[in-house]
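Chemist: Just one file: my_file-v9.txt, with compact mmCIF, C-alpha atoms.
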```
# COMPACT_ATOMS: atom_id res chain seq x y z
CA MET A 278 102.55 84.32 136.11
CA THR A 279 106.17 83.34 135.51
CA ALA A 280 105.23 81.33 132.44
CA ILE A 281 103.06 84.14 131.13
CA GLY A 282 105.59 86.88 131.70
CA ALA A 283 108.65 84.96 130.51
CA SER A 284 110.67 86.88 127.96
CA HIS A 285 112.90 85.59 125.21
CA ALA A 286 116.09 86.62 126.96
CA GLY A 287 117.87 83.54 125.75
CA ALA A 288 117.29 84.58 122.15
CA PHE A 289 119.38 87.73 122.63
CA LYS A 290 123.05 86.81 122.24
CA PRO A 291 124.83 89.23 124.58
CA GLY A 292 122.64 88.07 127.46
CA LEU A 293 123.95 90.80 129.76
CA ALA A 294 121.35 92.45 131.96
CA SER A 295 123.10 95.82 131.81
CA VAL A 296 123.23 95.77 128.01
CA ARG A 297 119.55 94.89 127.80
CA LEU A 298 118.67 97.60 130.31
CA VAL A 299 120.52 100.25 128.32
CA GLY A 300 118.97 98.93 125.12
CA SER A 301 115.48 99.15 126.58
CA GLY A 302 116.17 102.71 127.72
CA LEU A 303 117.27 103.64 124.20
CA VAL A 304 114.03 102.17 122.80
CA ALA A 305 112.05 104.37 125.18
CA PHE A 306 114.11 107.40 124.18
CA GLY A 307 113.42 106.65 120.52
CA VAL A 308 109.67 106.61 121.22
CA PHE A 309 110.03 109.89 123.10
CA LEU A 310 111.68 111.48 120.05
CA SER A 311 108.65 110.57 117.93
CA GLY A 312 106.84 113.50 119.54
CA PHE A 313 109.20 116.07 118.02
CA VAL A 314 109.05 116.22 114.24
CA ILE A 315 109.26 119.89 113.28
CA ASN A 316 111.73 119.24 110.47
CA GLU A 317 112.55 116.17 108.36
CA PRO A 318 114.56 114.10 108.65
CA ALA A 319 113.70 114.35 112.32
CA PRO A 320 115.98 113.18 115.15
CA TYR A 321 113.62 110.20 115.45
CA GLU A 322 114.62 108.81 112.04
CA VAL A 323 118.34 109.21 112.60
CA PHE A 324 118.29 107.77 116.10
CA MET A 325 115.96 104.87 115.30
CA ALA A 326 117.89 103.91 112.16
CA PHE A 327 121.02 103.30 114.24
CA LEU A 328 119.06 101.69 117.07
CA ILE A 329 117.20 99.25 114.83
CA GLY A 330 120.37 98.28 113.02
CA GLY A 331 122.24 97.81 116.29
CA TRP A 332 119.59 95.60 117.88
CA PHE A 333 119.34 93.29 114.87
CA ILE A 334 123.13 93.09 114.50
CA LEU A 335 123.31 92.04 118.14
CA GLY A 336 120.84 89.24 117.50
CA LEU A 337 117.28 90.45 118.05
CA ARG A 338 115.01 87.56 117.11
CA ILE A 339 112.16 87.63 114.60
CA SER A 340 109.52 85.01 115.32
CA ARG A 341 106.95 83.64 112.89
CA THR A 342 104.39 86.19 114.00
CA THR A 343 106.73 89.15 113.58
CA GLY A 344 107.92 87.54 110.36
CA ALA A 345 104.34 87.66 109.06
CA LEU A 346 104.28 91.40 109.83
CA LEU A 347 107.57 91.77 107.97
CA ALA A 348 106.07 89.90 104.99
CA PHE A 349 103.08 92.26 104.86
CA MET A 350 105.41 95.25 104.97
CA LEU A 351 107.71 93.91 102.26
CA VAL A 352 104.82 93.17 99.91
CA PHE A 353 103.44 96.64 100.61
CA MET A 354 106.81 98.21 99.81
CA THR A 355 107.22 96.09 96.67
CA GLY A 356 104.04 97.67 95.38
CA GLY A 357 105.45 101.08 96.29
CA PHE A 358 108.71 100.58 94.43
CA LEU A 359 106.84 99.24 91.39
CA SER A 360 104.76 102.43 91.36
CA LEU A 361 107.96 104.41 90.76
CA THR A 362 108.17 102.84 87.30
CA GLN A 363 104.97 104.68 86.34
CA MET A 364 106.38 108.14 87.02
CA ALA A 365 107.56 110.39 84.20
CA ARG A 366 109.71 112.34 86.64
CA ILE A 367 111.05 110.58 89.71
CA GLY A 368 111.97 113.69 91.69
CA GLU A 369 111.84 113.06 95.44
CA ALA A 370 109.80 109.87 95.12
CA PRO A 371 112.70 107.54 96.10
CA ILE A 372 113.15 109.53 99.32
CA TYR A 373 109.43 109.19 100.00
CA MET A 374 109.63 105.44 99.53
CA GLY A 375 112.76 105.30 101.65
CA VAL A 376 110.84 106.89 104.52
CA SER A 377 108.01 104.41 103.98
CA LEU A 378 110.47 101.51 104.11
CA PHE A 379 112.04 102.84 107.29
CA LEU A 380 108.65 103.18 108.99
CA CYS A 381 107.63 99.68 107.91
CA LEU A 382 110.85 98.27 109.38
CA SER A 383 110.28 100.29 112.56
CA SER A 384 106.97 98.49 113.14
CA VAL A 385 108.75 95.14 112.71
CA PHE A 386 111.42 96.29 115.16
CA PHE A 387 108.88 97.31 117.80
CA SER A 388 107.06 94.00 117.42
CA ALA A 389 110.30 92.07 117.88
CA ILE A 390 111.53 94.17 120.79
CA ILE A 391 108.21 93.79 122.61
CA GLU A 392 108.14 90.04 122.03
CA ASP A 393 111.68 89.85 123.37
CA ASP A 394 110.54 91.38 126.67
CA TRP A 395 106.97 92.55 127.34
CA HIS A 396 108.17 94.82 130.16
CA ARG A 397 109.34 97.26 127.49
CA LEU A 398 105.70 98.12 126.83
CA ARG A 399 105.61 100.12 130.05
CA LEU A 400 108.73 102.03 129.02
CA ILE A 401 107.30 102.68 125.57
CA PHE A 402 104.02 104.08 126.88
CA ASN A 403 105.70 106.12 129.61
CA ALA A 404 107.97 107.69 127.01
CA TRP A 405 105.04 108.28 124.67
CA ALA A 406 103.04 109.92 127.47
CA ALA A 407 105.97 112.16 128.42
CA ALA A 408 106.42 113.26 124.80
CA ALA A 409 102.67 113.86 124.48
CA VAL A 410 102.52 116.10 127.55
CA ILE A 411 105.53 118.16 126.44
CA THR A 412 104.41 118.57 122.82
CA ALA A 413 100.86 119.38 123.99
CA MET A 414 102.26 122.05 126.30
CA LEU A 415 104.21 123.50 123.39
CA GLY A 416 101.02 123.57 121.34
CA ILE A 417 99.14 125.36 124.12
CA VAL A 418 101.96 127.84 124.66
CA GLY A 419 102.14 128.50 120.94
CA TYR A 420 98.40 128.91 120.52
CA PHE A 421 98.17 131.55 123.23
CA LYS A 422 101.52 133.12 122.18
CA LEU A 423 102.84 133.07 125.74
CA PHE A 424 106.35 134.13 124.70
CA PRO A 425 107.97 135.64 121.59
CA GLY A 426 108.49 133.10 118.82
CA SER A 427 106.11 130.55 120.35
CA GLU A 428 103.94 130.76 117.23
CA ILE A 429 106.33 128.22 115.72
CA PHE A 430 104.19 125.65 117.54
CA THR A 431 101.06 126.65 115.60
CA LEU A 432 99.90 126.49 112.00
CA TYR A 433 96.94 128.45 110.60
CA ASP A 434 96.04 129.48 114.16
CA ARG A 435 95.90 125.81 115.20
CA ALA A 436 98.14 124.16 117.80
CA LYS A 437 100.59 121.71 116.29
CA GLY A 438 103.12 121.32 119.09
CA ALA A 439 106.48 120.02 117.88
CA PHE A 440 104.91 118.62 114.70
CA GLN A 441 104.58 119.94 111.17
CA ASP A 442 100.82 119.48 110.99
CA PRO A 443 97.98 119.81 113.56
CA ASN A 444 96.32 116.80 111.94
CA VAL A 445 99.25 114.61 113.03
CA PHE A 446 99.79 116.36 116.36
CA GLY A 447 96.21 115.67 117.55
CA PRO A 448 96.09 111.92 116.79
CA PHE A 449 99.58 111.44 118.29
CA LEU A 450 98.11 112.41 121.67
CA ILE A 451 95.33 109.80 121.73
CA ALA A 452 97.16 106.63 122.84
CA PRO A 453 98.93 108.46 125.72
CA SER A 454 95.57 109.84 126.86
CA LEU A 455 94.15 106.30 127.03
CA TYR A 456 97.25 105.15 128.87
CA LEU A 457 96.76 107.88 131.46
CA ILE A 458 93.07 107.06 131.83
CA HIS A 459 93.92 103.41 132.44
CA SER A 460 96.68 104.35 134.90
CA MET A 461 94.31 106.61 136.81
CA LEU A 462 91.82 103.76 137.14
CA THR A 463 94.30 101.07 138.10
CA GLY A 464 97.29 102.90 139.58
CA LYS A 465 98.11 104.25 143.01
CA ILE A 466 96.01 107.11 144.34
CA ALA A 467 99.18 109.06 145.17
CA THR A 468 99.98 109.44 141.46
CA PHE A 469 96.44 110.40 140.51
CA PRO A 470 96.91 114.22 140.58
CA ILE A 471 99.91 114.28 138.25
CA LYS A 472 98.20 111.86 135.85
CA ALA A 473 95.02 113.93 135.92
CA PHE A 474 97.03 117.08 135.19
CA SER A 475 98.87 115.35 132.33
CA LEU A 476 95.58 114.13 130.88
CA ALA A 477 94.11 117.64 131.12
CA VAL A 478 97.10 119.08 129.23
CA ILE A 479 96.78 116.47 126.50
CA THR A 480 93.02 117.00 126.22
CA ILE A 481 93.49 120.74 125.80
CA GLY A 482 96.15 120.04 123.19
CA VAL A 483 93.73 117.87 121.22
CA LEU A 484 91.06 120.57 121.46
CA LEU A 485 93.40 123.35 120.27
CA SER A 486 94.62 121.28 117.33
CA PHE A 487 91.19 122.02 115.82
CA SER A 488 91.52 118.72 113.97
CA ARG A 489 88.12 117.15 113.39
CA ALA A 490 89.83 113.80 112.91
CA ALA A 491 91.62 114.13 116.26
CA TRP A 492 88.41 115.17 118.02
CA ALA A 493 86.52 112.20 116.59
CA LEU A 494 89.42 109.86 117.37
CA PHE A 495 89.61 111.09 120.97
CA LEU A 496 85.86 110.64 121.51
CA PHE A 497 85.77 107.23 119.85
CA SER A 498 88.85 105.95 121.71
CA ALA A 499 87.72 107.18 125.12
CA MET A 500 84.28 105.61 124.71
CA MET A 501 85.78 102.33 123.51
CA MET A 502 88.22 102.33 126.41
CA VAL A 503 85.44 102.73 128.95
CA LEU A 504 83.34 100.06 127.22
CA VAL A 505 86.15 97.47 127.02
CA MET A 506 87.22 98.00 130.62
CA PHE A 507 83.60 97.84 131.77
CA ILE A 508 83.20 94.48 129.99
CA LYS A 509 86.53 93.09 131.20
CA GLU A 510 86.40 94.11 134.86
CA ARG A 511 83.76 92.15 136.76
CA SER A 512 84.19 93.97 140.08
CA GLY A 513 81.22 96.19 140.90
CA ALA A 514 83.48 98.64 142.76
CA PHE A 515 85.82 98.93 139.80
CA ARG A 516 82.93 99.43 137.38
CA LEU A 517 81.63 102.19 139.64
CA LYS A 518 85.10 103.75 139.52
CA ILE A 519 85.03 103.61 135.71
CA ILE A 520 81.64 105.30 135.60
CA ALA A 521 82.74 107.98 138.09
CA LEU A 522 85.90 108.79 136.14
CA ALA A 523 83.97 108.84 132.86
CA LEU A 524 81.48 111.30 134.30
CA ALA A 525 84.29 113.43 135.74
CA GLY A 526 85.96 113.44 132.33
CA LEU A 527 82.72 114.44 130.65
CA ILE A 528 82.19 117.29 133.13
CA PHE A 529 85.77 118.49 132.57
CA ALA A 530 85.27 118.40 128.80
CA VAL A 531 82.06 120.42 129.04
CA VAL A 532 83.63 122.97 131.39
CA ALA A 533 86.71 123.26 129.15
CA LEU A 534 84.49 123.76 126.13
CA VAL A 535 82.44 126.45 127.86
CA VAL A 536 85.61 128.25 128.93
CA ALA A 537 87.08 127.95 125.44
CA LEU A 538 83.96 129.48 123.92
CA GLN A 539 84.49 132.59 126.06
CA ILE A 540 87.68 133.33 124.11
CA PRO A 541 86.64 134.91 120.78
CA GLN A 542 89.65 133.56 118.87
CA VAL A 543 88.95 130.01 120.07
CA ALA A 544 85.18 130.28 119.69
CA ASP A 545 85.34 131.45 116.05
CA LEU A 546 87.73 128.71 114.97
CA LEU A 547 85.94 126.09 117.06
CA THR A 548 82.59 126.96 115.49
CA SER A 549 84.12 126.87 112.02
CA ARG A 550 85.97 123.57 112.52
CA ALA A 551 83.03 121.88 114.26
CA SER A 552 81.13 121.75 110.98
CA LEU A 553 81.11 118.21 109.64
CA GLU A 554 81.64 119.40 106.08
CA GLN A 555 84.01 122.21 105.16
CA ASP A 556 84.11 124.12 101.87
CA TYR A 557 87.10 122.08 100.73
CA ASP A 558 85.23 118.80 101.40
CA SER A 559 82.32 119.28 99.00
CA GLY A 560 81.90 120.67 95.52
CA HIS A 561 83.78 119.94 92.32
CA LEU A 562 87.21 118.46 93.09
CA GLY A 563 86.57 118.78 96.80
CA ARG A 564 87.89 116.10 99.15
CA PHE A 565 85.06 113.62 98.54
CA ASP A 566 84.88 114.31 94.81
CA ARG A 567 88.62 113.64 94.59
CA HIS A 568 88.11 110.37 96.43
CA LYS A 569 85.53 109.21 93.92
CA LEU A 570 87.54 110.29 90.88
CA GLY A 571 90.73 108.89 92.35
CA PHE A 572 89.29 105.45 93.05
CA LEU A 573 87.81 105.26 89.55
CA ALA A 574 91.13 106.26 87.97
CA ALA A 575 93.05 103.78 90.14
CA MET A 576 91.06 100.90 88.69
CA GLY A 577 92.97 101.43 85.45
CA GLN A 578 96.39 101.76 87.12
CA PRO A 579 97.46 98.35 88.52
CA LEU A 580 100.93 99.64 89.43
CA GLY A 581 99.66 102.95 90.78
CA ILE A 582 100.86 106.37 89.70
CA GLY A 583 103.65 106.93 92.20
CA PRO A 584 103.92 108.98 95.39
CA MET A 585 103.09 112.70 95.36
CA VAL A 586 101.68 112.50 91.81
CA PHE A 587 98.01 112.71 92.81
CA SER A 588 98.35 116.35 93.89
CA THR A 589 99.74 117.26 90.46
CA ILE A 590 96.55 115.95 88.84
CA TYR A 591 94.05 117.19 91.42
CA PRO A 592 94.16 120.31 93.63
CA GLU A 593 95.32 118.45 96.78
CA ASP A 594 96.64 115.12 98.05
CA GLU A 595 94.45 112.05 98.46
CA HIS A 596 93.47 112.59 102.11
CA ASN A 597 92.37 108.96 102.24
CA ILE A 598 94.74 106.18 103.27
CA TRP A 599 92.99 103.56 101.13
CA LEU A 600 93.21 105.74 98.03
CA LYS A 601 96.78 106.62 98.99
CA SER A 602 97.64 102.93 99.06
CA LEU A 603 96.21 102.49 95.57
CA THR A 604 97.90 105.50 94.00
CA SER A 605 101.31 105.28 95.70
CA TYR A 606 101.64 101.50 96.17
CA GLY A 607 99.46 100.07 93.41
CA TRP A 608 97.04 97.20 93.62
CA LEU A 609 99.68 95.01 95.27
CA GLY A 610 100.34 97.53 98.02
CA PHE A 611 96.62 98.15 98.49
CA VAL A 612 95.89 94.44 98.99
CA ALA A 613 98.87 94.15 101.37
CA TYR A 614 97.65 97.13 103.41
CA ILE A 615 94.11 95.77 103.59
CA GLY A 616 95.51 92.43 104.77
CA LEU A 617 97.75 94.12 107.32
CA VAL A 618 94.95 96.22 108.80
CA TRP A 619 92.41 93.43 109.07
CA THR A 620 94.94 90.95 110.47
CA THR A 621 95.99 93.54 113.05
CA ILE A 622 92.40 94.23 114.04
CA TRP A 623 91.63 90.50 114.21
CA PHE A 624 94.65 89.74 116.42
CA GLY A 625 93.75 92.56 118.77
CA PHE A 626 90.09 91.59 118.98
CA ARG A 627 90.87 87.92 119.52
CA TYR A 628 93.31 88.52 122.39
CA LEU A 629 91.77 91.70 123.79
CA LEU A 630 90.23 90.36 127.01
CA ARG A 631 92.71 87.64 127.93
CA GLU A 632 94.34 87.97 131.34
CA ARG A 633 97.94 88.73 130.45
CA PRO A 634 100.44 91.25 131.83
CA TRP A 635 100.50 92.98 128.46
CA GLN A 636 96.70 93.12 128.04
CA PRO A 637 96.30 96.83 128.98
CA TYR A 638 98.88 97.87 126.38
CA LEU A 639 97.28 95.69 123.72
CA MET A 640 93.87 97.17 124.56
CA ILE A 641 95.12 100.76 124.25
CA ALA A 642 96.99 100.12 121.00
CA TRP A 643 94.13 98.14 119.44
CA ILE A 644 91.50 100.76 120.24
CA THR A 645 93.73 103.54 118.93
CA ILE A 646 94.61 101.74 115.72
CA CYS A 647 90.94 100.95 115.05
CA GLY A 648 90.25 104.66 115.36
CA HIS A 649 93.16 105.49 113.05
CA GLU A 650 91.81 103.24 110.33
CA LEU A 651 88.44 104.98 110.63
CA ILE A 652 89.86 108.49 110.30
CA GLY A 653 92.02 107.16 107.47
CA ASN A 654 88.93 107.59 105.32
CA VAL A 655 89.40 111.36 105.40
CA ILE A 656 93.13 111.78 106.07
CA ASP A 657 96.50 110.30 105.05
CA THR A 658 98.17 108.27 107.79
CA ASP A 659 100.85 106.96 105.45
CA HIS A 660 103.89 108.53 107.13
CA TRP A 661 102.62 108.86 110.69
CA ARG A 662 105.40 107.47 112.89
CA HIS A 663 103.11 106.60 115.77
CA HIS A 664 100.78 104.71 113.40
CA PHE A 665 103.56 102.25 112.64
CA LEU A 666 104.42 102.08 116.34
CA LEU A 667 100.83 101.01 116.99
CA PHE A 668 101.14 98.24 114.40
CA GLY A 669 104.30 97.07 116.14
CA ILE A 670 102.65 97.06 119.58
CA VAL A 671 99.63 95.03 118.50
CA TRP A 672 101.76 92.52 116.58
CA GLY A 673 104.27 92.33 119.43
CA CYS A 674 101.45 91.49 121.85
CA ALA A 675 100.11 88.91 119.39
CA ALA A 676 103.57 87.35 119.21
CA LEU A 677 103.71 87.26 123.02
CA GLU A 678 100.34 85.49 123.08
CA HIS A 679 101.45 82.96 120.48
CA GLY A 680 104.62 82.29 122.45
CA TYR A 681 102.63 81.87 125.64
CA GLN A 682 100.28 79.38 123.97
CA LYS A 683 103.24 77.35 122.70
CA ARG A 684 104.83 77.22 126.15
CA ARG A 685 101.53 76.21 127.72
CA ALA A 686 101.08 73.42 125.15
CA ARG A 687 104.56 72.09 125.90
CA ALA A 688 104.19 72.22 129.68
CA PRO A 689 100.48 72.33 130.62
CA ALA A 690 101.18 71.40 134.21
CA ALA A 691 103.43 74.45 134.70
CA THR A 692 100.64 76.90 133.86
```
Taking this structure as input, can you express it in the form of structure tokens?

Modeler:
Amino acid sequence: MTAIGASHAGAFKPGLASVRLVGSGLVAFGVFLSGFVINEPAPYEVFMAFLIGGWFILGLRISRTTGALLAFMLVFMTGGFLSLTQMARIGEAPIYMGVSLFLCLSSVFFSAIIEDDWHRLRLIFNAWAAAAVITAMLGIVGYFKLFPGSEIFTLYDRAKGAFQDPNVFGPFLIAPSLYLIHSMLTGKIATFPIKAFSLAVITIGVLLSFSRAAWALFLFSAMMMVLVMFIKERSGAFRLKIIALALAGLIFAVVALVVALQIPQVADLLTSRASLEQDYDSGHLGRFDRHKLGFLAAMGQPLGIGPMVFSTIYPEDEHNIWLKSLTSYGWLGFVAYIGLVWTTIWFGFRYLLRERPWQPYLMIAWITICGHELIGNVIDTDHWRHHFLLFGIVWGCAALEHGYQKRRARAPAAT
């Protein structure tokens, strides 16, 4: 276990335990801030910009694996900056690309910081779960207007918590929900009630977001989580525990849905949003028509058309991450993004079931990111902060695995 769990402490120049402890706490606080993005620039951007710069100035190491992630991101951003040359009016496009660059670098930072010490994964997920519970509570409070001014946490009668958009708020809650499910299955029984309560709050938050993408993502991720754990864990007792918790979760979901349908306001919006195809999806220049026209037009635009230009040609934005990559980052950015996604999915799949201390975190991040790429067909995930965090987690775990394999090859007898 020592060889598996060894960190790269020697690669960090200060080498002081207290400095590293404070630094790890600041990383967790940065993740916590990602759950509160009512205005931009959000505190997350300001805080993380200083934190990332400080860690790298102090000597945070970038391995070959994390370097490959950095290469993908730089190629992606090169395509984005080239797309600016195709714009008649630049406007706020440089700011948009600046945010993209920051988020790309944040994923590299998280990969490097995780590779430096895998124990930070626990801090990251604890902070993420805490932020999810608080922002979900805000969404619930806002939806039911429990105090004056609480409607700030809603948009179009949909819970959005401390986010600008319910469609970002809902997906943000998914990884913490999986983390809580895993903790309930593997943790101490004494902590079960508080974890169950936290999971219930998050689940209600996802429901009240009335985001079809978030609903689908939650269902997909929960089912995948149960399946992967069922395959990995060979103990009959543990598998029975998985089945029991899954059934309990299903019963809770059904009861919550029945209760929700008793509230006219919730029932009307739930019935409306539950339809697979909305008015703005179909018809001339609807979501899917825009996708088709956009992809055809992009074939004649190797450098793209620049960020935020698509909505000036068509009624709305792309609402498709693959089309977004083509229009805002050109062919070069599109190829880089495709390569990034498939490499990430391959790394996660390859190392998913290996017995490592970081395996649960890799499993949660991999399942969630697979779901994000699926919903990316109907929504833009381009500037979702937690999406880039997920990339960093999967790549950080891959870097840990590569480091472990190198150490084992050098000293097979020690492992």

Chemist: Give the answer as one residue: which of A:Gln539, A:Thr604, A:Asn597, A:Ser301 has the shortest atom-to-atom distance to Asp566 (chain A), using all atoms listed in the file?

Modeler: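 Result for the nearest residue to Asp566 (chain A): A:Asn597.
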
Chemist: Give the answer as one residue: which of A:Arg567, A:Thr431, A:Gly616, A:Tyr606 has the shortest atom-to-atom distance to Ile590 (chain A), using all atoms listed in the file?

Modeler: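 Comparing A:Arg567, A:Thr431, A:Gly616, A:Tyr606 against Ile590 (chain A), the winner is A:Arg567.
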
Chemist: Kindly indicate which residue among A:Ala389, A:Val352, A:Met500, A:Leu303 lies nearest to Gly336 (chain A), using only C-alpha atoms for the distances.

Modeler: A:Ala389

Chemist: Of the residues A:Thr658, A:Ser295, A:Gln363, A:Ser383, which is the one nearest to Met325 (chain A), using all atoms listed in the file?

Modeler: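 Among A:Thr658, A:Ser295, A:Gln363, A:Ser383, it is A:Ser383 that comes nearest to Met325 (chain A).
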
Chemist: Would you mind listing what lies within 9 Å of region 480-488 of chain A as number ranges by chain, with only C-alpha atoms counted and same-chain residues fewer than 2 positions away left out?

Modeler: A: 410, 412-417, 420, 431, 434-438, 443-448, 450-451, 454, 475-478, 490-493, 495, 530, 533-534, 543, 546-547, 550-551

Chemist: Will you give me region 487-507 of chain A, written with N, CA, C and O atoms and laid out as a PDB file, in the first residue's frame?

Modeler:
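And here's selection33.pdb as it stands now:
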```pdb
ATOM      1  N   PHE A 487     -35.522  21.259 -12.931  1.00  0.00           N
ATOM      2  CA  PHE A 487     -36.350  21.010 -14.114  1.00  0.00           C
ATOM      3  C   PHE A 487     -35.488  21.023 -15.385  1.00  0.00           C
ATOM      4  O   PHE A 487     -35.915  21.486 -16.436  1.00  0.00           O
ATOM      5  N   SER A 488     -34.283  20.499 -15.232  1.00  0.00           N
ATOM      6  CA  SER A 488     -33.365  20.362 -16.364  1.00  0.00           C
ATOM      7  C   SER A 488     -33.421  18.919 -16.852  1.00  0.00           C
ATOM      8  O   SER A 488     -33.052  17.990 -16.122  1.00  0.00           O
ATOM      9  N   ARG A 489     -33.900  18.729 -18.073  1.00  0.00           N
ATOM     10  CA  ARG A 489     -33.975  17.373 -18.604  1.00  0.00           C
ATOM     11  C   ARG A 489     -32.593  16.743 -18.702  1.00  0.00           C
ATOM     12  O   ARG A 489     -32.426  15.538 -18.473  1.00  0.00           O
ATOM     13  N   ALA A 490     -31.595  17.562 -19.022  1.00  0.00           N
ATOM     14  CA  ALA A 490     -30.223  17.060 -19.096  1.00  0.00           C
ATOM     15  C   ALA A 490     -29.752  16.585 -17.727  1.00  0.00           C
ATOM     16  O   ALA A 490     -29.120  15.533 -17.598  1.00  0.00           O
ATOM     17  N   ALA A 491     -30.064  17.357 -16.679  1.00  0.00           N
ATOM     18  CA  ALA A 491     -29.659  16.969 -15.327  1.00  0.00           C
ATOM     19  C   ALA A 491     -30.389  15.715 -14.877  1.00  0.00           C
ATOM     20  O   ALA A 491     -29.795  14.834 -14.238  1.00  0.00           O
ATOM     21  N   TRP A 492     -31.671  15.619 -15.187  1.00  0.00           N
ATOM     22  CA  TRP A 492     -32.425  14.410 -14.835  1.00  0.00           C
ATOM     23  C   TRP A 492     -31.812  13.177 -15.496  1.00  0.00           C
ATOM     24  O   TRP A 492     -31.597  12.158 -14.847  1.00  0.00           O
ATOM     25  N   ALA A 493     -31.563  13.288 -16.798  1.00  0.00           N
ATOM     26  CA  ALA A 493     -30.986  12.153 -17.536  1.00  0.00           C
ATOM     27  C   ALA A 493     -29.599  11.814 -17.003  1.00  0.00           C
ATOM     28  O   ALA A 493     -29.242  10.635 -16.866  1.00  0.00           O
ATOM     29  N   LEU A 494     -28.813  12.852 -16.700  1.00  0.00           N
ATOM     30  CA  LEU A 494     -27.462  12.643 -16.189  1.00  0.00           C
ATOM     31  C   LEU A 494     -27.499  11.954 -14.827  1.00  0.00           C
ATOM     32  O   LEU A 494     -26.692  11.056 -14.557  1.00  0.00           O
ATOM     33  N   PHE A 495     -28.420  12.373 -13.979  1.00  0.00           N
ATOM     34  CA  PHE A 495     -28.548  11.771 -12.650  1.00  0.00           C
ATOM     35  C   PHE A 495     -28.918  10.291 -12.769  1.00  0.00           C
ATOM     36  O   PHE A 495     -28.311   9.428 -12.112  1.00  0.00           O
ATOM     37  N   LEU A 496     -29.898   9.979 -13.607  1.00  0.00           N
ATOM     38  CA  LEU A 496     -30.338   8.601 -13.786  1.00  0.00           C
ATOM     39  C   LEU A 496     -29.233   7.741 -14.377  1.00  0.00           C
ATOM     40  O   LEU A 496     -28.946   6.637 -13.889  1.00  0.00           O
ATOM     41  N   PHE A 497     -28.591   8.240 -15.425  1.00  0.00           N
ATOM     42  CA  PHE A 497     -27.498   7.506 -16.064  1.00  0.00           C
ATOM     43  C   PHE A 497     -26.361   7.249 -15.081  1.00  0.00           C
ATOM     44  O   PHE A 497     -25.855   6.119 -14.965  1.00  0.00           O
ATOM     45  N   SER A 498     -25.943   8.294 -14.357  1.00  0.00           N
ATOM     46  CA  SER A 498     -24.795   8.184 -13.454  1.00  0.00           C
ATOM     47  C   SER A 498     -25.081   7.237 -12.298  1.00  0.00           C
ATOM     48  O   SER A 498     -24.218   6.424 -11.921  1.00  0.00           O
ATOM     49  N   ALA A 499     -26.278   7.332 -11.721  1.00  0.00           N
ATOM     50  CA  ALA A 499     -26.626   6.450 -10.609  1.00  0.00           C
ATOM     51  C   ALA A 499     -26.648   4.990 -11.050  1.00  0.00           C
ATOM     52  O   ALA A 499     -26.143   4.099 -10.341  1.00  0.00           O
ATOM     53  N   MET A 500     -27.222   4.721 -12.220  1.00  0.00           N
ATOM     54  CA  MET A 500     -27.273   3.349 -12.727  1.00  0.00           C
ATOM     55  C   MET A 500     -25.869   2.818 -13.027  1.00  0.00           C
ATOM     56  O   MET A 500     -25.552   1.661 -12.716  1.00  0.00           O
ATOM     57  N   MET A 501     -25.035   3.668 -13.618  1.00  0.00           N
ATOM     58  CA  MET A 501     -23.664   3.259 -13.918  1.00  0.00           C
ATOM     59  C   MET A 501     -22.876   2.998 -12.637  1.00  0.00           C
ATOM     60  O   MET A 501     -22.078   2.062 -12.559  1.00  0.00           O
ATOM     61  N   MET A 502     -23.114   3.833 -11.634  1.00  0.00           N
ATOM     62  CA  MET A 502     -22.430   3.668 -10.352  1.00  0.00           C
ATOM     63  C   MET A 502     -22.765   2.321  -9.735  1.00  0.00           C
ATOM     64  O   MET A 502     -21.877   1.572  -9.296  1.00  0.00           O
ATOM     65  N   VAL A 503     -24.040   1.992  -9.706  1.00  0.00           N
ATOM     66  CA  VAL A 503     -24.476   0.717  -9.145  1.00  0.00           C
ATOM     67  C   VAL A 503     -23.889  -0.442  -9.942  1.00  0.00           C
ATOM     68  O   VAL A 503     -23.395  -1.428  -9.373  1.00  0.00           O
ATOM     69  N   LEU A 504     -23.896  -0.327 -11.268  1.00  0.00           N
ATOM     70  CA  LEU A 504     -23.377  -1.391 -12.123  1.00  0.00           C
ATOM     71  C   LEU A 504     -21.885  -1.615 -11.911  1.00  0.00           C
ATOM     72  O   LEU A 504     -21.430  -2.757 -11.738  1.00  0.00           O
ATOM     73  N   VAL A 505     -21.103  -0.529 -11.903  1.00  0.00           N
ATOM     74  CA  VAL A 505     -19.649  -0.646 -11.752  1.00  0.00           C
ATOM     75  C   VAL A 505     -19.298  -1.223 -10.384  1.00  0.00           C
ATOM     76  O   VAL A 505     -18.439  -2.109 -10.272  1.00  0.00           O
ATOM     77  N   MET A 506     -19.963  -0.737  -9.341  1.00  0.00           N
ATOM     78  CA  MET A 506     -19.666  -1.258  -8.006  1.00  0.00           C
ATOM     79  C   MET A 506     -20.092  -2.720  -7.882  1.00  0.00           C
ATOM     80  O   MET A 506     -19.439  -3.509  -7.200  1.00  0.00           O
ATOM     81  N   PHE A 507     -21.180  -3.084  -8.528  1.00  0.00           N
ATOM     82  CA  PHE A 507     -21.649  -4.467  -8.492  1.00  0.00           C
ATOM     83  C   PHE A 507     -20.638  -5.389  -9.169  1.00  0.00           C
ATOM     84  O   PHE A 507     -20.396  -6.513  -8.715  1.00  0.00           O
TER      85      PHE A 507
END
```
